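Student: Sharing query24.cif here; it has mmCIF, C-alpha atoms.
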```
data_work
#
loop_
_atom_site.label_atom_id
_atom_site.label_comp_id
_atom_site.auth_asym_id
_atom_site.auth_seq_id
_atom_site.Cartn_x
_atom_site.Cartn_y
_atom_site.Cartn_z
CA MET A 1 4.02 -20.61 -29.00
CA THR A 2 5.11 -17.00 -28.46
CA LEU A 3 3.06 -14.08 -29.76
CA ILE A 4 5.04 -11.05 -31.03
CA LEU A 5 3.27 -7.69 -31.26
CA PRO A 6 4.26 -4.04 -31.76
CA GLN A 7 3.11 -1.91 -28.83
CA ALA A 8 0.66 0.05 -31.00
CA ASP A 9 -1.14 -3.16 -32.04
CA TYR A 10 -1.16 -4.44 -28.46
CA LEU A 11 -2.74 -1.24 -27.12
CA LYS A 12 -5.25 -1.13 -29.99
CA ILE A 13 -6.42 -4.63 -29.14
CA LEU A 14 -6.72 -3.73 -25.44
CA TYR A 15 -8.73 -0.56 -26.06
CA GLN A 16 -11.07 -2.26 -28.55
CA ALA A 17 -11.80 -5.16 -26.22
CA GLU A 18 -15.30 -5.88 -24.98
CA ILE A 19 -16.41 -3.68 -22.07
CA ILE A 20 -17.29 -6.00 -19.22
CA GLN A 21 -18.46 -3.28 -16.85
CA ASN A 22 -18.86 0.48 -16.90
CA ASN A 23 -18.41 1.06 -13.20
CA ASP A 24 -19.61 4.68 -13.24
CA ILE A 25 -21.98 5.40 -16.10
CA SER A 26 -22.67 8.93 -14.83
CA GLU A 27 -19.00 9.94 -15.06
CA ASN A 28 -17.68 7.28 -17.49
CA PHE A 29 -14.23 7.40 -15.89
CA ASP A 30 -14.02 3.80 -14.64
CA ILE A 31 -14.24 1.14 -17.36
CA THR A 32 -13.35 -2.56 -17.20
CA ARG A 33 -12.47 -4.42 -20.41
CA LYS A 34 -11.90 -8.10 -21.11
CA TYR A 35 -8.25 -9.07 -21.36
CA GLN A 36 -7.85 -10.22 -24.97
CA PHE A 37 -4.71 -12.32 -24.61
CA GLY A 38 -6.05 -14.73 -22.00
CA GLU A 39 -8.50 -14.75 -19.12
CA GLY A 40 -9.17 -11.79 -16.85
CA TYR A 41 -9.69 -8.05 -17.15
CA TRP A 42 -8.03 -4.66 -17.54
CA ARG A 43 -9.64 -1.81 -15.62
CA GLN A 44 -8.83 1.79 -16.55
CA ILE A 45 -9.76 4.60 -14.14
CA GLN A 46 -9.15 8.09 -15.54
CA LEU A 47 -9.02 10.27 -12.43
CA ARG A 48 -8.19 13.37 -14.47
CA ASP A 49 -6.53 14.07 -17.82
CA SER A 50 -3.10 13.86 -16.24
CA ILE A 51 -3.60 10.99 -13.75
CA SER A 52 -4.75 7.45 -14.54
CA LEU A 53 -5.06 4.31 -12.46
CA ASP A 54 -4.97 0.89 -14.15
CA ILE A 55 -5.88 -2.38 -12.43
CA SER A 56 -4.97 -5.61 -14.23
CA ASN A 57 -5.98 -9.12 -13.24
CA TYR A 58 -5.28 -11.72 -15.90
CA GLN A 59 -4.07 -15.20 -16.68
CA GLN A 60 -1.97 -15.30 -19.84
CA PRO A 61 -1.62 -18.82 -21.28
CA LYS A 62 0.90 -17.89 -24.00
CA SER A 63 4.19 -16.02 -23.89
CA LEU A 64 4.10 -12.54 -25.40
CA ILE A 65 6.85 -10.29 -26.71
CA LEU A 66 6.04 -6.58 -27.03
CA LYS A 67 8.21 -4.59 -29.42
CA LEU A 68 8.37 -1.12 -27.87
CA GLN A 69 9.57 1.88 -29.90
CA GLU A 70 11.14 4.98 -28.37
CA ARG A 71 8.26 6.90 -26.79
CA LYS A 72 7.44 9.74 -24.42
CA HIS A 73 6.82 8.26 -20.99
CA PRO A 74 5.01 9.73 -17.95
CA LEU A 75 5.91 8.94 -14.36
CA GLU A 76 4.83 5.39 -13.63
CA PHE A 77 4.35 3.50 -10.37
CA ILE A 78 3.43 -0.21 -10.66
CA PHE A 79 2.59 -2.34 -7.61
CA PHE A 80 2.72 -6.11 -8.19
CA ILE A 81 0.12 -7.80 -6.00
CA LEU A 82 0.53 -11.27 -7.47
CA VAL A 83 2.98 -12.68 -10.01
CA ASP A 84 2.64 -16.44 -10.45
CA SER A 85 4.68 -17.95 -13.28
CA GLN A 86 6.71 -21.01 -14.13
CA PHE A 87 9.53 -18.64 -15.08
CA LYS A 88 11.73 -17.79 -12.08
CA ASN A 89 13.92 -15.13 -13.73
CA LEU A 90 11.27 -12.44 -14.06
CA GLU A 91 12.30 -8.83 -13.51
CA PHE A 92 9.42 -8.34 -11.08
CA LYS A 93 7.99 -10.46 -8.28
CA THR A 94 5.00 -10.53 -5.96
CA GLY A 95 5.22 -7.74 -3.37
CA GLU A 96 7.57 -5.54 -5.40
CA TYR A 97 6.98 -2.19 -7.07
CA PHE A 98 8.42 -0.51 -10.17
CA LEU A 99 9.21 3.19 -10.42
CA SER A 100 9.84 4.93 -13.72
CA GLY A 101 10.48 8.64 -14.11
CA SER A 102 9.35 10.67 -17.12
CA GLY A 103 11.36 11.12 -20.29
CA MET A 104 12.07 9.05 -23.39
CA ALA A 105 11.62 5.32 -22.89
CA SER A 106 14.08 3.39 -24.99
CA GLU A 107 13.31 0.96 -27.78
CA CYS A 108 13.22 -2.58 -26.48
CA ALA A 109 11.45 -5.94 -26.53
CA VAL A 110 9.58 -6.87 -23.36
CA PHE A 111 9.10 -10.58 -22.74
CA GLU A 112 5.82 -11.31 -20.96
CA PRO A 113 5.82 -15.02 -20.01
CA SER A 114 2.68 -17.03 -19.44
CA ALA A 115 1.66 -16.04 -15.94
CA ARG A 116 -1.08 -15.04 -13.52
CA VAL A 117 -0.66 -11.34 -12.76
CA ILE A 118 -2.49 -8.86 -10.54
CA GLU A 119 -1.09 -5.32 -10.53
CA VAL A 120 -2.04 -1.71 -9.88
CA ALA A 121 -0.38 0.92 -12.09
CA ILE A 122 -0.35 4.70 -11.64
CA HIS A 123 0.52 7.12 -14.47
CA ILE A 124 1.12 10.81 -13.77
CA HIS A 125 2.05 13.61 -16.18
CA PRO A 126 5.37 15.20 -15.15
CA LYS A 127 3.86 18.70 -14.94
CA VAL A 128 1.38 17.53 -12.31
CA PHE A 129 4.07 15.77 -10.29
CA HIS A 130 6.29 18.86 -10.52
CA SER A 131 3.48 21.07 -9.19
CA PHE A 132 3.17 18.84 -6.11
CA ALA A 133 6.89 18.34 -5.44
CA GLU A 134 8.33 21.78 -6.23
CA ASN A 135 9.61 24.05 -3.46
CA THR A 136 8.76 27.72 -2.93
CA SER A 137 11.15 28.72 -5.73
CA GLY A 138 9.41 26.43 -8.18
CA LYS A 139 12.16 23.79 -8.30
CA LEU A 140 12.21 20.11 -7.43
CA PRO A 141 14.33 18.94 -4.49
CA LYS A 142 17.75 17.80 -5.69
CA GLU A 143 16.98 14.21 -4.66
CA LEU A 144 13.97 14.08 -7.04
CA GLN A 145 15.19 15.99 -10.08
CA HIS A 146 16.16 12.76 -11.88
CA LEU A 147 12.48 11.66 -11.89
CA ILE A 148 11.51 14.38 -14.38
CA ARG A 149 13.63 14.50 -17.51
CA ARG A 150 13.21 16.10 -20.93
CA TRP A 151 11.35 14.03 -23.49
CA ASP A 152 14.63 13.38 -25.32
CA GLN A 153 16.38 12.04 -22.20
CA PRO A 154 16.23 8.38 -21.04
CA THR A 155 13.88 7.59 -18.15
CA TYR A 156 15.07 6.63 -14.66
CA GLU A 157 13.92 3.18 -13.47
CA ARG A 158 14.08 1.24 -10.22
CA TYR A 159 12.48 -1.77 -8.54
CA GLY A 160 11.72 -1.87 -4.81
CA THR A 161 9.95 -3.91 -2.14
CA GLN A 162 6.49 -2.78 -1.03
CA THR A 163 6.14 -1.85 2.63
CA SER A 164 3.17 -2.89 4.75
CA ALA A 165 1.70 0.61 4.33
CA MET A 166 1.96 0.32 0.53
CA LEU A 167 0.30 -3.09 0.55
CA LEU A 168 -2.54 -1.71 2.66
CA ALA A 169 -3.08 1.32 0.39
CA VAL A 170 -3.17 -0.93 -2.69
CA GLN A 171 -5.78 -3.16 -1.06
CA GLN A 172 -7.85 -0.11 -0.13
CA ILE A 173 -7.84 0.89 -3.80
CA LEU A 174 -9.09 -2.57 -4.78
CA GLN A 175 -11.76 -2.48 -2.06
CA CYS A 176 -12.90 1.13 -2.67
CA PRO A 177 -16.37 1.48 -1.06
CA TYR A 178 -17.46 4.66 -2.88
CA GLN A 179 -19.05 5.62 -6.19
CA GLY A 180 -19.05 8.60 -8.54
CA PHE A 181 -17.30 11.81 -7.55
CA THR A 182 -16.63 10.49 -4.04
CA LYS A 183 -14.77 7.53 -5.55
CA GLN A 184 -12.62 9.85 -7.65
CA ILE A 185 -11.60 11.83 -4.57
CA TYR A 186 -10.88 8.68 -2.56
CA LEU A 187 -8.85 6.96 -5.30
CA GLU A 188 -6.82 10.04 -6.14
CA GLY A 189 -6.03 10.41 -2.44
CA LYS A 190 -4.77 6.81 -2.36
CA VAL A 191 -2.76 7.41 -5.53
CA TRP A 192 -0.89 10.31 -3.92
CA GLU A 193 -0.47 8.31 -0.71
CA LEU A 194 1.32 5.55 -2.64
CA VAL A 195 3.36 8.05 -4.64
CA ALA A 196 4.41 9.77 -1.41
CA MET A 197 5.66 6.50 0.11
CA VAL A 198 7.69 5.57 -2.98
CA VAL A 199 9.08 9.10 -3.30
CA GLU A 200 10.10 9.07 0.37
CA GLN A 201 12.11 5.91 -0.24
CA GLU A 202 13.63 7.48 -3.35
CA MET A 203 14.73 10.53 -1.38
CA GLN A 204 16.27 8.36 1.34
CA ILE A 205 18.18 6.35 -1.26
CA ASN A 206 19.55 9.52 -2.86
CA GLN A 207 20.40 10.99 0.53
CA GLY A 208 22.54 7.95 1.28
CA TYR A 209 20.45 6.22 3.94
CA PHE A 210 20.48 2.95 1.97
CA GLN A 211 24.15 2.15 1.31
CA ILE A 212 24.10 -1.34 -0.13
CA ASN A 213 27.43 -0.73 -1.83
CA LYS A 214 29.19 -0.93 1.56
CA LEU A 215 28.52 -4.67 1.65
CA LYS A 216 31.01 -6.98 -0.05
CA PRO A 217 29.70 -8.64 -3.23
CA SER A 218 30.14 -12.03 -1.56
CA ASP A 219 28.08 -10.87 1.43
CA ILE A 220 25.30 -9.63 -0.87
CA ASP A 221 25.23 -13.05 -2.55
CA ARG A 222 24.89 -14.68 0.89
CA ILE A 223 22.05 -12.28 1.79
CA TYR A 224 20.19 -13.37 -1.35
CA ASN A 225 20.77 -16.98 -0.29
CA VAL A 226 19.05 -16.13 3.00
CA ARG A 227 16.02 -14.98 1.04
CA GLU A 228 15.97 -18.19 -1.00
CA ILE A 229 16.06 -20.28 2.19
CA LEU A 230 13.16 -18.28 3.64
CA LEU A 231 11.09 -18.73 0.48
CA LYS A 232 11.62 -22.50 0.57
CA HIS A 233 10.64 -22.79 4.25
CA LEU A 234 7.85 -20.25 4.79
CA ASP A 235 5.89 -22.67 6.96
CA ASN A 236 8.83 -23.55 9.23
CA PRO A 237 11.82 -21.24 8.70
CA PRO A 238 15.20 -21.68 10.43
CA SER A 239 16.10 -19.42 13.34
CA LEU A 240 18.24 -16.33 12.68
CA ILE A 241 21.33 -18.08 14.03
CA GLU A 242 20.68 -21.15 11.88
CA LEU A 243 20.15 -18.94 8.81
CA ALA A 244 23.43 -17.14 9.42
CA ARG A 245 25.31 -20.42 9.81
CA GLN A 246 23.80 -21.86 6.62
CA VAL A 247 25.00 -18.93 4.49
CA GLY A 248 28.33 -18.42 6.27
CA LEU A 249 27.71 -15.06 7.97
CA ASN A 250 27.57 -14.00 11.59
CA ASP A 251 24.03 -13.18 12.67
CA CYS A 252 24.74 -9.45 13.15
CA THR A 253 26.12 -9.00 9.62
CA MET A 254 23.26 -11.04 8.21
CA LYS A 255 20.56 -8.99 9.97
CA GLN A 256 22.09 -5.63 9.08
CA GLY A 257 22.90 -6.70 5.51
CA PHE A 258 19.42 -8.13 4.95
CA LYS A 259 17.83 -4.82 5.93
CA GLN A 260 20.17 -2.89 3.62
CA VAL A 261 19.46 -5.13 0.64
CA PHE A 262 15.72 -5.66 1.09
CA GLY A 263 14.71 -2.62 3.14
CA THR A 264 13.18 -4.66 5.95
CA THR A 265 14.14 -7.14 8.66
CA VAL A 266 14.38 -10.89 8.09
CA PHE A 267 11.20 -11.35 10.13
CA GLY A 268 9.46 -8.54 8.26
CA TYR A 269 10.35 -10.08 4.91
CA LEU A 270 9.22 -13.53 6.06
CA HIS A 271 5.92 -12.10 7.30
CA ASN A 272 5.35 -10.25 4.03
CA CYS A 273 6.02 -13.39 1.97
CA ARG A 274 3.68 -15.45 4.15
CA MET A 275 0.89 -12.91 3.72
CA GLN A 276 1.44 -12.66 -0.04
CA LEU A 277 1.29 -16.45 -0.38
CA ALA A 278 -1.85 -16.54 1.79
CA TYR A 279 -3.47 -13.88 -0.43
CA LYS A 280 -2.65 -15.91 -3.54
CA LEU A 281 -4.03 -19.15 -2.07
CA LEU A 282 -7.21 -17.44 -0.87
CA ILE A 283 -8.09 -15.83 -4.19
CA GLU A 284 -7.47 -19.11 -6.00
CA ARG A 285 -10.14 -20.62 -3.70
CA ASN A 286 -8.65 -24.10 -3.76
CA MET A 287 -8.14 -24.11 0.02
CA ASN A 288 -10.21 -22.95 2.98
CA VAL A 289 -8.93 -20.35 5.44
CA THR A 290 -7.72 -22.93 7.99
CA GLU A 291 -5.71 -24.80 5.34
CA VAL A 292 -4.16 -21.57 4.10
CA ALA A 293 -3.19 -20.57 7.64
CA ARG A 294 -1.40 -23.88 8.19
CA THR A 295 0.33 -23.70 4.81
CA VAL A 296 1.93 -20.36 5.64
CA GLY A 297 3.02 -21.46 9.11
CA TYR A 298 0.20 -20.38 11.45
CA ALA A 299 -1.04 -22.94 13.96
CA SER A 300 -3.59 -20.46 15.34
CA LEU A 301 -6.40 -19.37 13.01
CA PRO A 302 -7.20 -16.18 15.03
CA SER A 303 -3.52 -15.17 14.89
CA PHE A 304 -3.49 -15.69 11.12
CA SER A 305 -6.74 -13.75 10.64
CA ASN A 306 -5.47 -10.84 12.74
CA ALA A 307 -2.16 -10.74 10.87
CA PHE A 308 -3.92 -10.88 7.49
CA ARG A 309 -6.37 -8.12 8.39
CA LYS A 310 -3.56 -5.92 9.69
CA LYS A 311 -1.63 -6.47 6.44
CA PHE A 312 -4.39 -6.02 3.88
CA GLY A 313 -7.20 -4.28 5.75
CA ILE A 314 -9.69 -7.11 5.08
CA SER A 315 -10.35 -10.53 6.60
CA PRO A 316 -9.24 -13.78 4.88
CA LYS A 317 -12.88 -14.74 4.26
CA SER A 318 -13.57 -11.35 2.63
CA CYS A 319 -10.54 -11.90 0.40
CA GLN A 320 -11.97 -15.22 -0.82
CA ARG A 321 -15.31 -13.57 -1.58
#
```
Can you turn what I pasted into structure tokens?

Tutor:
Amino acid sequence: MTLILPQADYLKILYQAEIIQNNDISENFDITRKYQFGEGYWRQIQLRDSISLDISNYQQPKSLILKLQERKHPLEFIFFILVDSQFKNLEFKTGEYFLSGSGMASECAVFEPSARVIEVAIHIHPKVFHSFAENTSGKLPKELQHLIRRWDQPTYERYGTQTSAMLLAVQQILQCPYQGFTKQIYLEGKVWELVAMVVEQEMQINQGYFQINKLKPSDIDRIYNVREILLKHLDNPPSLIELARQVGLNDCTMKQGFKQVFGTTVFGYLHNCRMQLAYKLLIERNMNVTEVARTVGYASLPSFSNAFRKKFGISPKSCQR
């Protein structure tokens, strides 16, 4: 059964949900509420009037369709930590991020399938972003002007793959060791760190460093086939030469094309997928650390632990806790 809700009703239900934890009673800026459409929680951290940080961790048993009206939209940066669903055609996947500029978001219906989702979302008022990004003459760099549009103009949107540095910053937000005013400073610093990394990629794209359009459409299809092969064989992937032969490319074209399409090397993408799967298995707590290491292709437990700590900034055992 699919639930259909207007956005206003959906948000009203979220904001009226039971408060599970007021994480900072003295400041009242960090509140966790029960997720009303399944199991889990929605945590809202209001760093200042113009900057908010939302952390969602929920299991949604039913499909949900949100009917969104045209609306003023701030800059938005969403980092998907875990997306586990029976639906394979989702717009977003584990380890990706979503960037939306400010402007008028169009009317649409968003299909939210039954899934387990963990995400960190950042919302920034365009005036605040402009004050950070403007040059000495008070203007945005040409490569970023499309991120801030008038409220009557459609928003700019793009998906991307999180880098190791982004993944680490997101984990540091989730594992924030501070309280009160110190926590506000720390979290806002991490917010701007993540924004800076996404904006740097955006500038490189608009400066022409990522030129995916130079690849033939058939080559791009083969590059996506490489990714599918990697995802099916995370524990024991083919060699680069074997991968190239399987998809009908020479290894040089495959390696260069893969980096253009996915922004990282074949090995880097494989490593990222292994770590994301390990993170998912650890938080589900159905397997011990040794079993998880073997599942993602590590014969050595110390090697797995070192790789996991380098990726997320915490040990596998700490992740399970």

Student: Can you measure CA of Asp152 in chain A to CA of Lys72 in chain A for me? One decimal in Å is fine.

Tutor: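 About the pair CA of Asp152 in chain A and CA of Lys72 in chain A: they are 8.1 Å apart.
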
Student: Rank A:Glu188, A:Thr136, A:Leu174, A:Leu75 by their smallest atom-to-atom distance to Tyr156 in chain A, using only C-alpha atoms, and report the top residue only.

Tutor: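 Result for the nearest residue to Tyr156 in chain A: A:Leu75.
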
Student: If I put a ball of radius 12 Å at (-7.0, 8.3, -4.7) in the file's coordinates, which residues poke into it when counting all atoms listed in the file, written as a PyMOL selection string?

Tutor: chain A and resi 45-48+51-53+122+169-170+172-174+176+178+181-196

Student: Convert the output of the PyMOL selection byres ((chain A and resi 100-104) around 7) on the shown file into explicit residues, formatted as a PyMOL selection string.

Tutor: chain A and resi 70-77+98-99+105-106+126+147-158

Student: With a distance cut-off of 8 Å and only C-alpha atoms, select the neighbouring residues of range 257-271 of chain A, excluding the residue or stretch itself and same-chain residues fewer than 2 positions from it, and output the selection as a list in words.

Tutor: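 Returned residues: Thr161, Phe210, Gln211, Ile212, Leu215, Asp219, Ile220, Ile223, Leu230, Leu231, Leu234, Thr253, Met254, Lys255, Cys273, Arg274 and Met275 of chain A.
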
Student: If I take CA of Thr2 in chain A and CA of Glu119 in chain A, how far is one from the other in Å, to one decimal?

Tutor: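 Computing it gives 22.3 Å between the two atoms.
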
Student: Which distance in Å separates CA of Ala121 in chain A and CA of Pro141 in chain A, to one decimal?

Tutor: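 Answer for the CA of Ala121 in chain A to CA of Pro141 in chain A separation: 24.5 Å.
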
Student: Could you tell me which of A:Asn236, A:Ser85, A:Ser50, A:Gln246 comes closest to Phe129 in chain A if we count only C-alpha atoms?

Tutor: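 Of all the options, A:Ser50 lies closest to Phe129 in chain A.
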
Student: Taking all atoms listed in the file into account, name the residue in A:Ser218, A:His123, A:Leu240, A:Gln320 that is nearest to Glu284 in chain A.

Tutor: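 Using all atoms listed in the file, Glu284 in chain A sits closest to A:Gln320.
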
Student: On this structure, which residues satisfy the PyMOL selection byres ((chain A and resi 118) around 10), written as a list in words?

Tutor: Gly40, Tyr41, Trp42, Ile55, Ser56, Asn57, Tyr58, Gln59, Phe79, Phe80, Ile81, Leu82, Val83, Asp84, Thr94, Ala115, Arg116, Val117, Glu119, Val120 and Lys280 of chain A

Student: For a quick check of understanding, using only C-alpha atoms, which of A:Leu168, A:Cys319, A:Gln179, A:Glu291 has the smallest distance to Asn28 in chain A?

Tutor: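 Looking at the shortest contact to Asn28 in chain A, the residue is A:Gln179.
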
Student: Out of A:Gln201, A:Val226, A:Ile65, A:Pro113, which residue has the shortest atom-to-atom distance to Asp251 in chain A when counting all atoms listed in the file?

Tutor: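 That would be A:Val226, the residue with the smallest distance to Asp251 in chain A.
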
Student: Determine the nearest neighbour of Val292 in chain A from the options A:Leu277, A:Met197, A:Leu140, A:Ile31, counting all atoms listed in the file.

Tutor: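 For Val292 in chain A, the nearest of the given residues is A:Leu277.
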
Student: Determine, counting all atoms listed in the file, which protein, DNA and RNA residues have an atom within 8 Å of an atom of Ser63 in chain A; residues of the same chain fewer than 6 positions away are not included. Present the result as a list in words.

Tutor: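 Once the nearby chain positions are removed, what remains is Met1, Thr2, Leu3, Phe111, Glu112, Pro113 and Ser114 of chain A.
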
Student: Taking N, CA, C and O atoms as the atom set, what does range 148-168 of chain A look like once completed, written as a compact mmCIF listing (two decimals), in the frame of the given file?

Tutor:
```
# COMPACT_ATOMS: atom_id res chain seq x y z
N ILE A 148 12.12 13.63 -13.27
CA ILE A 148 11.51 14.38 -14.38
C ILE A 148 12.62 14.81 -15.33
O ILE A 148 13.45 15.65 -14.99
N ARG A 149 12.62 14.20 -16.51
CA ARG A 149 13.63 14.50 -17.51
C ARG A 149 12.96 14.97 -18.80
O ARG A 149 11.78 14.73 -19.03
N ARG A 150 13.74 15.66 -19.64
CA ARG A 150 13.21 16.10 -20.93
C ARG A 150 12.79 14.89 -21.74
O ARG A 150 13.29 13.77 -21.55
N TRP A 151 11.88 15.13 -22.70
CA TRP A 151 11.35 14.03 -23.49
C TRP A 151 12.42 13.34 -24.33
O TRP A 151 12.22 12.22 -24.80
N ASP A 152 13.57 14.00 -24.54
CA ASP A 152 14.63 13.38 -25.32
C ASP A 152 15.69 12.71 -24.44
O ASP A 152 16.70 12.23 -24.94
N GLN A 153 15.45 12.67 -23.13
CA GLN A 153 16.38 12.04 -22.20
C GLN A 153 15.83 10.70 -21.72
O GLN A 153 14.61 10.55 -21.55
N PRO A 154 16.70 9.70 -21.48
CA PRO A 154 16.23 8.38 -21.04
C PRO A 154 15.60 8.43 -19.65
O PRO A 154 16.03 9.20 -18.79
N THR A 155 14.58 7.63 -19.43
CA THR A 155 13.88 7.59 -18.15
C THR A 155 14.73 6.91 -17.08
O THR A 155 15.56 6.05 -17.36
N TYR A 156 14.47 7.30 -15.83
CA TYR A 156 15.07 6.63 -14.66
C TYR A 156 14.15 5.50 -14.24
O TYR A 156 12.92 5.64 -14.23
N GLU A 157 14.74 4.34 -13.86
CA GLU A 157 13.92 3.18 -13.47
C GLU A 157 14.52 2.50 -12.25
O GLU A 157 15.74 2.45 -12.09
N ARG A 158 13.63 1.97 -11.41
CA ARG A 158 14.08 1.24 -10.22
C ARG A 158 12.99 0.32 -9.72
O ARG A 158 11.81 0.65 -9.79
N TYR A 159 13.40 -0.85 -9.23
CA TYR A 159 12.48 -1.77 -8.54
C TYR A 159 12.68 -1.63 -7.03
O TYR A 159 13.76 -1.29 -6.56
N GLY A 160 11.63 -1.91 -6.27
CA GLY A 160 11.72 -1.87 -4.81
C GLY A 160 10.74 -2.84 -4.19
O GLY A 160 9.89 -3.43 -4.87
N THR A 161 10.85 -3.02 -2.89
CA THR A 161 9.95 -3.91 -2.14
C THR A 161 8.86 -3.08 -1.47
O THR A 161 9.15 -2.09 -0.81
N GLN A 162 7.61 -3.50 -1.64
CA GLN A 162 6.49 -2.78 -1.03
C GLN A 162 6.53 -2.92 0.49
O GLN A 162 6.78 -4.00 1.01
N THR A 163 6.25 -1.82 1.18
CA THR A 163 6.14 -1.85 2.63
C THR A 163 4.72 -2.28 3.00
O THR A 163 3.82 -2.35 2.15
N SER A 164 4.51 -2.53 4.27
CA SER A 164 3.17 -2.89 4.75
C SER A 164 2.17 -1.78 4.45
O SER A 164 1.02 -2.05 4.08
N ALA A 165 2.60 -0.52 4.60
CA ALA A 165 1.70 0.61 4.33
C ALA A 165 1.33 0.66 2.85
O ALA A 165 0.18 0.99 2.50
N MET A 166 2.27 0.35 1.97
CA MET A 166 1.96 0.32 0.53
C MET A 166 0.96 -0.78 0.22
O MET A 166 -0.01 -0.58 -0.52
N LEU A 167 1.21 -1.96 0.78
CA LEU A 167 0.30 -3.09 0.55
C LEU A 167 -1.12 -2.75 1.00
O LEU A 167 -2.10 -3.09 0.32
N LEU A 168 -1.23 -2.08 2.14
CA LEU A 168 -2.54 -1.71 2.66
C LEU A 168 -3.23 -0.71 1.74
O LEU A 168 -4.41 -0.85 1.43
```
